[in-house]
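With compact mmCIF, C-alpha atoms and all ligand atoms inside, this is run-v2.txt:
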# COMPACT_ATOMS: atom_id res chain seq x y z
CA MET A 1 -94.07 -112.09 190.74
CA ILE A 2 -97.64 -113.38 190.52
CA VAL A 3 -100.28 -111.13 192.07
CA ALA A 4 -103.76 -112.58 192.69
CA VAL A 5 -106.58 -110.07 193.20
CA ASP A 6 -109.97 -111.46 194.19
CA GLY A 7 -113.19 -109.96 195.46
CA PRO A 8 -116.90 -109.46 194.85
CA THR A 9 -118.43 -107.48 192.03
CA ALA A 10 -117.90 -103.68 192.11
CA SER A 11 -115.41 -103.91 194.98
CA GLY A 12 -112.84 -102.03 192.92
CA LYS A 13 -110.68 -105.10 192.33
CA GLY A 14 -110.39 -104.46 188.59
CA THR A 15 -109.25 -100.87 189.08
CA LEU A 16 -106.74 -101.93 191.74
CA ALA A 17 -105.44 -104.89 189.72
CA ARG A 18 -104.88 -102.65 186.68
CA ALA A 19 -103.10 -100.05 188.83
CA ILE A 20 -100.85 -102.72 190.39
CA ALA A 21 -100.02 -104.09 186.93
CA ALA A 22 -99.13 -100.62 185.62
CA TYR A 23 -97.04 -99.75 188.69
CA PHE A 24 -95.00 -102.97 188.67
CA GLY A 25 -94.90 -103.27 184.86
CA LEU A 26 -96.71 -106.62 184.77
CA PRO A 27 -99.22 -107.99 182.26
CA TYR A 28 -102.82 -108.09 183.49
CA LEU A 29 -105.71 -110.52 182.95
CA ASP A 30 -109.31 -109.78 183.92
CA THR A 31 -110.54 -113.39 184.32
CA GLY A 32 -114.15 -112.23 184.74
CA LEU A 33 -114.07 -111.40 181.03
CA LEU A 34 -113.57 -115.09 180.20
CA TYR A 35 -116.69 -116.06 182.15
CA ARG A 36 -118.52 -113.11 180.62
CA ALA A 37 -117.57 -114.32 177.12
CA VAL A 38 -119.04 -117.74 177.95
CA GLY A 39 -122.20 -116.03 179.23
CA ARG A 40 -122.44 -113.86 176.11
CA GLN A 41 -121.95 -116.88 173.87
CA VAL A 42 -124.83 -118.67 175.65
CA GLN A 43 -126.99 -115.58 175.21
CA LEU A 44 -126.14 -115.31 171.48
CA ALA A 45 -126.78 -119.02 170.94
CA GLY A 46 -130.06 -118.84 172.85
CA THR A 47 -129.06 -121.83 174.96
CA ASN A 48 -129.50 -122.41 178.70
CA PRO A 49 -126.85 -120.99 181.09
CA ASP A 50 -128.03 -123.35 183.84
CA SER A 51 -127.34 -126.42 181.71
CA ALA A 52 -123.76 -127.68 182.19
CA ALA A 53 -123.67 -129.05 178.63
CA ASP A 54 -124.88 -125.80 177.04
CA ALA A 55 -122.49 -123.71 179.15
CA LEU A 56 -119.56 -125.99 178.35
CA ALA A 57 -120.29 -125.74 174.61
CA ALA A 58 -120.15 -121.95 174.99
CA ALA A 59 -116.74 -122.11 176.71
CA ASP A 60 -115.26 -122.71 173.27
CA PHE A 61 -115.82 -119.07 172.27
CA PRO A 62 -113.90 -117.19 169.56
CA ASP A 63 -111.22 -114.78 170.89
CA ALA A 64 -112.89 -111.89 169.04
CA LEU A 65 -115.78 -112.15 171.51
CA LEU A 66 -113.47 -110.81 174.27
CA SER A 67 -113.66 -107.33 172.74
CA ASP A 68 -117.49 -107.22 172.60
CA PRO A 69 -118.53 -104.08 174.67
CA GLU A 70 -121.73 -105.94 175.69
CA LEU A 71 -119.56 -108.14 177.93
CA ARG A 72 -119.43 -105.33 180.52
CA SER A 73 -123.20 -105.12 180.97
CA GLU A 74 -124.81 -106.27 184.20
CA ALA A 75 -127.04 -108.63 182.16
CA ILE A 76 -123.99 -110.50 180.92
CA GLY A 77 -122.53 -110.38 184.45
CA GLY A 78 -125.61 -112.35 185.51
CA PHE A 79 -125.14 -114.89 182.69
CA ALA A 80 -121.45 -115.16 183.62
CA SER A 81 -122.29 -115.86 187.24
CA ARG A 82 -124.71 -118.62 186.16
CA VAL A 83 -122.35 -120.38 183.73
CA SER A 84 -119.46 -120.12 186.21
CA ILE A 85 -121.24 -122.47 188.63
CA HIS A 86 -120.51 -125.48 186.40
CA PRO A 87 -117.22 -127.22 187.27
CA GLN A 88 -116.84 -128.22 183.57
CA VAL A 89 -116.80 -124.55 182.54
CA ARG A 90 -114.29 -123.64 185.27
CA ALA A 91 -112.05 -126.53 184.19
CA ALA A 92 -112.24 -125.44 180.54
CA LEU A 93 -110.98 -121.94 181.46
CA LEU A 94 -108.34 -123.02 183.97
CA GLU A 95 -105.34 -123.71 181.73
CA ARG A 96 -105.68 -120.43 179.90
CA GLN A 97 -105.53 -118.54 183.22
CA ARG A 98 -102.60 -120.58 184.59
CA ALA A 99 -100.63 -120.16 181.38
CA PHE A 100 -101.12 -116.39 181.61
CA ALA A 101 -99.99 -116.38 185.27
CA GLN A 102 -96.89 -118.42 184.56
CA GLN A 103 -95.38 -116.26 181.84
CA ALA A 104 -91.83 -115.11 182.50
CA GLY A 105 -91.66 -112.03 184.70
CA GLY A 106 -95.01 -112.62 186.33
CA ALA A 107 -98.53 -111.30 185.99
CA VAL A 108 -101.53 -109.80 187.77
CA LEU A 109 -104.84 -111.67 187.54
CA ASP A 110 -108.16 -110.63 189.01
CA GLY A 111 -111.23 -112.74 189.63
CA ARG A 112 -112.93 -114.78 192.34
CA ASP A 113 -110.68 -117.83 192.80
CA ILE A 114 -107.23 -116.69 191.69
CA GLY A 115 -105.66 -116.96 195.16
CA THR A 116 -107.57 -120.11 196.10
CA VAL A 117 -107.63 -122.24 192.91
CA ILE A 118 -105.87 -120.76 189.87
CA CYS A 119 -102.68 -119.55 191.59
CA PRO A 120 -102.61 -120.96 195.14
CA ASP A 121 -98.86 -120.23 195.21
CA ALA A 122 -99.16 -116.60 194.11
CA ASP A 123 -96.50 -114.33 195.66
CA VAL A 124 -99.12 -111.79 196.67
CA LYS A 125 -102.83 -112.33 197.32
CA LEU A 126 -105.20 -109.41 197.77
CA PHE A 127 -108.86 -109.80 198.62
CA VAL A 128 -110.67 -106.56 197.85
CA THR A 129 -114.06 -105.94 199.47
CA ALA A 130 -116.48 -103.09 200.16
CA SER A 131 -119.95 -102.91 201.69
CA LEU A 132 -122.90 -103.83 199.48
CA ASP A 133 -124.14 -100.22 199.67
CA ALA A 134 -120.81 -98.77 198.61
CA ARG A 135 -120.60 -101.22 195.71
CA ALA A 136 -124.16 -100.46 194.61
CA ASP A 137 -123.39 -96.71 194.72
CA ARG A 138 -120.28 -97.18 192.57
CA ARG A 139 -121.96 -99.42 190.03
CA PHE A 140 -124.93 -97.04 189.85
CA ALA A 141 -122.66 -94.02 189.19
CA GLU A 142 -120.85 -96.03 186.50
CA MET A 143 -124.14 -97.02 184.82
CA GLN A 144 -125.43 -93.44 184.94
CA SER A 145 -122.26 -92.11 183.34
CA GLN A 146 -122.80 -94.62 180.52
CA GLY A 147 -126.39 -93.43 180.14
CA ARG A 148 -127.84 -96.84 181.04
CA GLU A 149 -131.45 -96.93 182.22
CA ILE A 150 -131.40 -98.73 185.55
CA THR A 151 -132.36 -97.78 189.11
CA ARG A 152 -130.10 -98.03 192.13
CA GLU A 153 -132.55 -100.51 193.67
CA GLU A 154 -132.23 -102.82 190.67
CA ILE A 155 -128.44 -102.64 190.85
CA HIS A 156 -128.46 -103.32 194.58
CA ALA A 157 -130.63 -106.41 194.00
CA GLN A 158 -128.47 -107.65 191.09
CA ILE A 159 -125.28 -107.33 193.11
CA GLU A 160 -126.84 -109.11 196.06
CA ARG A 161 -127.95 -111.98 193.79
CA ARG A 162 -124.54 -112.27 192.18
CA ASP A 163 -122.74 -112.23 195.59
CA GLU A 164 -125.06 -114.94 196.83
CA ARG A 165 -124.39 -117.16 193.81
CA ASP A 166 -120.62 -116.52 193.74
CA MET A 167 -120.15 -117.16 197.47
CA ASN A 168 -122.35 -120.22 197.79
CA ARG A 169 -121.42 -122.31 194.78
CA LYS A 170 -119.71 -125.63 195.53
CA ASP A 171 -116.82 -125.28 193.10
CA ALA A 172 -114.35 -122.43 193.74
CA PRO A 173 -116.67 -120.19 195.80
CA LEU A 174 -115.71 -116.56 196.32
CA LYS A 175 -113.75 -116.34 199.57
CA PRO A 176 -110.41 -114.96 200.72
CA ALA A 177 -107.47 -117.39 200.65
CA PRO A 178 -106.24 -117.99 204.22
CA ASP A 179 -103.04 -116.08 203.37
CA ALA A 180 -104.74 -113.18 201.54
CA PHE A 181 -104.43 -109.55 202.60
CA VAL A 182 -107.98 -108.21 202.91
CA LEU A 183 -108.41 -104.64 201.67
CA ASP A 184 -111.75 -103.02 202.50
CA THR A 185 -112.31 -100.08 200.14
CA THR A 186 -115.69 -98.95 201.59
CA ALA A 187 -114.29 -95.74 203.05
CA LEU A 188 -111.51 -95.19 200.51
CA GLY A 189 -111.56 -93.01 197.41
CA LYS A 190 -109.95 -94.35 194.25
CA ASP A 191 -106.47 -92.84 194.81
CA ALA A 192 -106.32 -93.92 198.46
CA ALA A 193 -107.40 -97.45 197.52
CA ILE A 194 -104.71 -97.65 194.81
CA ALA A 195 -102.05 -96.41 197.23
CA ALA A 196 -103.15 -98.98 199.85
CA ALA A 197 -103.11 -101.80 197.28
CA ILE A 198 -99.61 -100.95 196.04
CA GLU A 199 -98.39 -100.69 199.63
CA ALA A 200 -99.90 -104.12 200.39
CA VAL A 201 -98.09 -105.65 197.40
CA GLU A 202 -94.79 -104.03 198.46
CA GLN A 203 -95.21 -105.49 201.95
CA ALA A 204 -96.18 -108.98 200.80
CA ARG A 205 -93.78 -109.58 197.90
O1 LIG B 1 -115.52 -109.99 187.79
P1 LIG B 1 -116.73 -110.02 186.92
O2 LIG B 1 -117.91 -109.30 187.49
O3 LIG B 1 -116.43 -109.57 185.52
O4 LIG B 1 -117.12 -111.57 186.80
C1 LIG B 1 -118.34 -111.99 186.23
C2 LIG B 1 -118.75 -113.32 186.87
O5 LIG B 1 -117.84 -114.34 186.45
C3 LIG B 1 -118.71 -113.34 188.40
O6 LIG B 1 -119.92 -112.96 189.00
C4 LIG B 1 -118.36 -114.79 188.71
O7 LIG B 1 -119.53 -115.56 188.83
C5 LIG B 1 -117.60 -115.26 187.50
N1 LIG B 1 -116.15 -115.36 187.76
C6 LIG B 1 -115.69 -116.50 188.37
N2 LIG B 1 -114.36 -116.67 188.59
C7 LIG B 1 -113.48 -115.74 188.20
C8 LIG B 1 -113.93 -114.54 187.60
C9 LIG B 1 -115.29 -114.38 187.40
O8 LIG B 1 -116.48 -117.37 188.74
N3 LIG B 1 -112.18 -115.97 188.39
If you took the structure in this file and wrote it as structure tokens, what would it be?
Ligand code: C5P
Amino acid sequence: MIVAVDGPTASGKGTLARAIAAYFGLPYLDTGLLYRAVGRQVQLAGTNPDSAADALAAADFPDALLSDPELRSEAIGGFASRVSIHPQVRAALLERQRAFAQQAGGAVLDGRDIGTVICPDADVKLFVTASLDARADRRFAEMQSQGREITREEIHAQIERRDERDMNRKDAPLKPAPDAFVLDTTALGKDAAIAAAIEAVEQAR
């Protein structure tokens, strides 16, 4: 069983994808981390994330970079969103994601284009969303608990910018697949959202 989980930043898709993977005993891949590693590599090299050639060079990153805690920062999220615009970068990361999805027994992948591009034949497609305000609140709480110095206004603006870029790019824009089940988590707490996601997978499989 292949489960595709897509959605905008801070929608809760990562939490839900991990919970689905644990519940059904499937391996899990956070594909955002791959784009984040490319963004981090560009930052470390001091090259230009808006240049397709520079971004593509960074797509050849060492595996060790995937465990760099800096990858989770909003700054690297911004770099990731910029490098992910280039079709060459997306193509360079495609096989790795498909190979993960096609392992025996199935897998859960989360990202922006899993149901539309990476695994268009996935058995289950979930599109997780929440209002911009709810997502900004969640990201702000997360940043505060990590002791990061950032205001809610800054987070709101960053999320808005990232949504705008992810939804309007030409190649693999963020959007629900026509056959995706849309789960809006705005009014749901974590446990209720997990229960709803597992129920949706049970129904769709
Ligand atoms: O999900 P996460 O916030 O970690 O993703 C970081 C960025 O990587 C996103 O804003 C998006 O631009 C890009 N991304 C993508 N396709 C994916 C996963 C992430 O373009 N499948």
Of the listed residues A:Ala58, A:Ala157, A:Ile85, A:Cys119, that which approaches Asp133 of chain A most closely, counting all atoms listed in the file: A:Ala157
Please, which residues have at least one atom within 7 Å of an atom of ligand LIG 1 (chain B), using all atoms listed in the file, listed as a JSON list (two decimals) with C-alpha atoms, in the coordinates of the input?
[["chain", "number", "residue", "atom", "x", "y", "z"],
["A", 9, "THR", "CA", -118.43, -107.48, 192.03],
["A", 31, "THR", "CA", -110.54, -113.39, 184.32],
["A", 32, "GLY", "CA", -114.15, -112.23, 184.74],
["A", 33, "LEU", "CA", -114.07, -111.40, 181.03],
["A", 35, "TYR", "CA", -116.69, -116.06, 182.15],
["A", 36, "ARG", "CA", -118.52, -113.11, 180.62],
["A", 77, "GLY", "CA", -122.53, -110.38, 184.45],
["A", 78, "GLY", "CA", -125.61, -112.35, 185.51],
["A", 80, "ALA", "CA", -121.45, -115.16, 183.62],
["A", 81, "SER", "CA", -122.29, -115.86, 187.24],
["A", 82, "ARG", "CA", -124.71, -118.62, 186.16],
["A", 84, "SER", "CA", -119.46, -120.12, 186.21],
["A", 85, "ILE", "CA", -121.24, -122.47, 188.63],
["A", 110, "ASP", "CA", -108.16, -110.63, 189.01],
["A", 111, "GLY", "CA", -111.23, -112.74, 189.63],
["A", 112, "ARG", "CA", -112.93, -114.78, 192.34],
["A", 113, "ASP", "CA", -110.68, -117.83, 192.80],
["A", 114, "ILE", "CA", -107.23, -116.69, 191.69],
["A", 162, "ARG", "CA", -124.54, -112.27, 192.18],
["A", 166, "ASP", "CA", -120.62, -116.52, 193.74]]
Residues within 12 Å of segment 189-193 of chain A, all atoms listed in the file, excluding chain neighbours under 3 positions, as a ChimeraX atom specification: /A:11-17,19-20,128-130,134,138,183-186,196-200
May I ask which of the residues A:Val83, A:Ile76, A:Leu65, A:Ala141 is the closest one to Asp171 of chain A, counting all atoms listed in the file? A:Val83
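Of the residues listed (A:His86, A:Arg96, A:Arg18, A:Arg152), A:Arg96 shows the shortest atom-to-atom separation from Leu34 of chain A; distances use only C-alpha atoms.
Going from atom CA of Val124 of chain A to atom CA of Asp63 of chain A covers 28.6 Å.
Candidate residues A:Ala99, A:Ala75, A:Ile159, A:Val38 were compared for distance to Ala10 of chain A, and the nearest is A:Ile159, using all atoms listed in the file.
Take atom CA of Gln88 of chain A and atom CA of Tyr28 of chain A: the distance between them is 24.5 Å.
Straight-line separation from atom CA of Pro176 of chain A to atom CA of Phe127 of chain A: 5.8 Å.
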With all atoms of segment 179-195 of chain A from the file as input, state the centre and edge lengths in Å to one decimal of the axis-aligned box that has 3 Å extra on each side, as JSON.
{"center_x": -108.9, "center_y": -104.5, "center_z": 198.8, "size_x": 19.6, "size_y": 29.2, "size_z": 15.1}
Which residue, A:Ala55, A:Met143, A:Ala136, A:Ala177, has the smallest gap to Ile118 of chain A when you use all atoms listed in the file? A:Ala177
Judged by all atoms listed in the file, the minimum distance to Leu66 of chain A among A:Met1, A:Ala37, A:Ala204, A:Leu94 is found for A:Ala37
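The point (-102.0, -114.8, 191.7) has these residues within 7 Å of it when only C-alpha atoms are used: Ile2, Val3, Ala4, Val5, Ala101, Val108, Leu109, Ile114, Gly115, Cys119, Ala122, Asp123, Val124 and Lys125 of chain A.
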Complete the atom set of segment 145-170 of chain A to N, CA and C atoms and return it as a PDB file, keeping the file's coordinate frame.
ATOM      1  N   SER A 145    -123.205 -92.807 184.215  1.00  0.00           N
ATOM      2  CA  SER A 145    -122.260 -92.110 183.340  1.00  0.00           C
ATOM      3  C   SER A 145    -122.274 -92.726 181.943  1.00  0.00           C
ATOM      4  N   GLN A 146    -122.707 -93.976 181.837  1.00  0.00           N
ATOM      5  CA  GLN A 146    -122.800 -94.620 180.520  1.00  0.00           C
ATOM      6  C   GLN A 146    -124.193 -94.430 179.910  1.00  0.00           C
ATOM      7  N   GLY A 147    -125.048 -93.682 180.646  1.00  0.00           N
ATOM      8  CA  GLY A 147    -126.390 -93.430 180.140  1.00  0.00           C
ATOM      9  C   GLY A 147    -127.302 -94.647 180.146  1.00  0.00           C
ATOM     10  N   ARG A 148    -126.990 -95.636 180.990  1.00  0.00           N
ATOM     11  CA  ARG A 148    -127.840 -96.840 181.040  1.00  0.00           C
ATOM     12  C   ARG A 148    -129.043 -96.608 181.937  1.00  0.00           C
ATOM     13  N   GLU A 149    -130.196 -97.097 181.481  1.00  0.00           N
ATOM     14  CA  GLU A 149    -131.450 -96.930 182.220  1.00  0.00           C
ATOM     15  C   GLU A 149    -131.596 -98.029 183.257  1.00  0.00           C
ATOM     16  N   ILE A 150    -131.223 -97.735 184.489  1.00  0.00           N
ATOM     17  CA  ILE A 150    -131.400 -98.730 185.550  1.00  0.00           C
ATOM     18  C   ILE A 150    -131.440 -98.001 186.884  1.00  0.00           C
ATOM     19  N   THR A 151    -132.264 -98.466 187.815  1.00  0.00           N
ATOM     20  CA  THR A 151    -132.360 -97.780 189.110  1.00  0.00           C
ATOM     21  C   THR A 151    -131.316 -98.352 190.077  1.00  0.00           C
ATOM     22  N   ARG A 152    -131.051 -97.579 191.137  1.00  0.00           N
ATOM     23  CA  ARG A 152    -130.100 -98.030 192.130  1.00  0.00           C
ATOM     24  C   ARG A 152    -130.633 -99.295 192.821  1.00  0.00           C
ATOM     25  N   GLU A 153    -131.956 -99.336 193.028  1.00  0.00           N
ATOM     26  CA  GLU A 153    -132.550-100.510 193.670  1.00  0.00           C
ATOM     27  C   GLU A 153    -132.299-101.775 192.855  1.00  0.00           C
ATOM     28  N   GLU A 154    -132.466-101.649 191.529  1.00  0.00           N
ATOM     29  CA  GLU A 154    -132.230-102.820 190.670  1.00  0.00           C
ATOM     30  C   GLU A 154    -130.781-103.268 190.760  1.00  0.00           C
ATOM     31  N   ILE A 155    -129.866-102.293 190.770  1.00  0.00           N
ATOM     32  CA  ILE A 155    -128.440-102.640 190.850  1.00  0.00           C
ATOM     33  C   ILE A 155    -128.123-103.312 192.167  1.00  0.00           C
ATOM     34  N   HIS A 156    -128.664-102.750 193.249  1.00  0.00           N
ATOM     35  CA  HIS A 156    -128.460-103.320 194.580  1.00  0.00           C
ATOM     36  C   HIS A 156    -128.899-104.791 194.580  1.00  0.00           C
ATOM     37  N   ALA A 157    -130.086-105.042 194.019  1.00  0.00           N
ATOM     38  CA  ALA A 157    -130.630-106.410 194.000  1.00  0.00           C
ATOM     39  C   ALA A 157    -129.776-107.341 193.128  1.00  0.00           C
ATOM     40  N   GLN A 158    -129.309-106.826 191.984  1.00  0.00           N
ATOM     41  CA  GLN A 158    -128.470-107.650 191.090  1.00  0.00           C
ATOM     42  C   GLN A 158    -127.167-108.037 191.769  1.00  0.00           C
ATOM     43  N   ILE A 159    -126.560-107.065 192.456  1.00  0.00           N
ATOM     44  CA  ILE A 159    -125.280-107.330 193.110  1.00  0.00           C
ATOM     45  C   ILE A 159    -125.463-108.358 194.231  1.00  0.00           C
ATOM     46  N   GLU A 160    -126.552-108.183 194.970  1.00  0.00           N
ATOM     47  CA  GLU A 160    -126.840-109.110 196.060  1.00  0.00           C
ATOM     48  C   GLU A 160    -127.011-110.537 195.528  1.00  0.00           C
ATOM     49  N   ARG A 161    -127.721-110.660 194.395  1.00  0.00           N
ATOM     50  CA  ARG A 161    -127.950-111.980 193.790  1.00  0.00           C
ATOM     51  C   ARG A 161    -126.638-112.599 193.326  1.00  0.00           C
ATOM     52  N   ARG A 162    -125.806-111.765 192.730  1.00  0.00           N
ATOM     53  CA  ARG A 162    -124.540-112.270 192.180  1.00  0.00           C
ATOM     54  C   ARG A 162    -123.599-112.676 193.321  1.00  0.00           C
ATOM     55  N   ASP A 163    -123.552-111.883 194.405  1.00  0.00           N
ATOM     56  CA  ASP A 163    -122.740-112.230 195.590  1.00  0.00           C
ATOM     57  C   ASP A 163    -123.154-113.590 196.122  1.00  0.00           C
ATOM     58  N   GLU A 164    -124.471-113.727 196.270  1.00  0.00           N
ATOM     59  CA  GLU A 164    -125.060-114.940 196.830  1.00  0.00           C
ATOM     60  C   GLU A 164    -124.636-116.163 196.014  1.00  0.00           C
ATOM     61  N   ARG A 165    -124.743-116.032 194.680  1.00  0.00           N
ATOM     62  CA  ARG A 165    -124.390-117.160 193.810  1.00  0.00           C
ATOM     63  C   ARG A 165    -122.885-117.424 193.847  1.00  0.00           C
ATOM     64  N   ASP A 166    -122.082-116.349 193.790  1.00  0.00           N
ATOM     65  CA  ASP A 166    -120.620-116.520 193.740  1.00  0.00           C
ATOM     66  C   ASP A 166    -120.068-117.076 195.057  1.00  0.00           C
ATOM     67  N   MET A 167    -120.695-116.721 196.179  1.00  0.00           N
ATOM     68  CA  MET A 167    -120.150-117.160 197.470  1.00  0.00           C
ATOM     69  C   MET A 167    -120.635-118.540 197.885  1.00  0.00           C
ATOM     70  N   ASN A 168    -121.773-118.960 197.325  1.00  0.00           N
ATOM     71  CA  ASN A 168    -122.350-120.220 197.790  1.00  0.00           C
ATOM     72  C   ASN A 168    -122.216-121.387 196.830  1.00  0.00           C
ATOM     73  N   ARG A 169    -121.561-121.175 195.685  1.00  0.00           N
ATOM     74  CA  ARG A 169    -121.420-122.310 194.780  1.00  0.00           C
ATOM     75  C   ARG A 169    -120.422-123.304 195.384  1.00  0.00           C
ATOM     76  N   LYS A 170    -120.556-124.570 194.961  1.00  0.00           N
ATOM     77  CA  LYS A 170    -119.710-125.630 195.530  1.00  0.00           C
ATOM     78  C   LYS A 170    -118.272-125.544 195.026  1.00  0.00           C
TER      79      LYS A 170
END
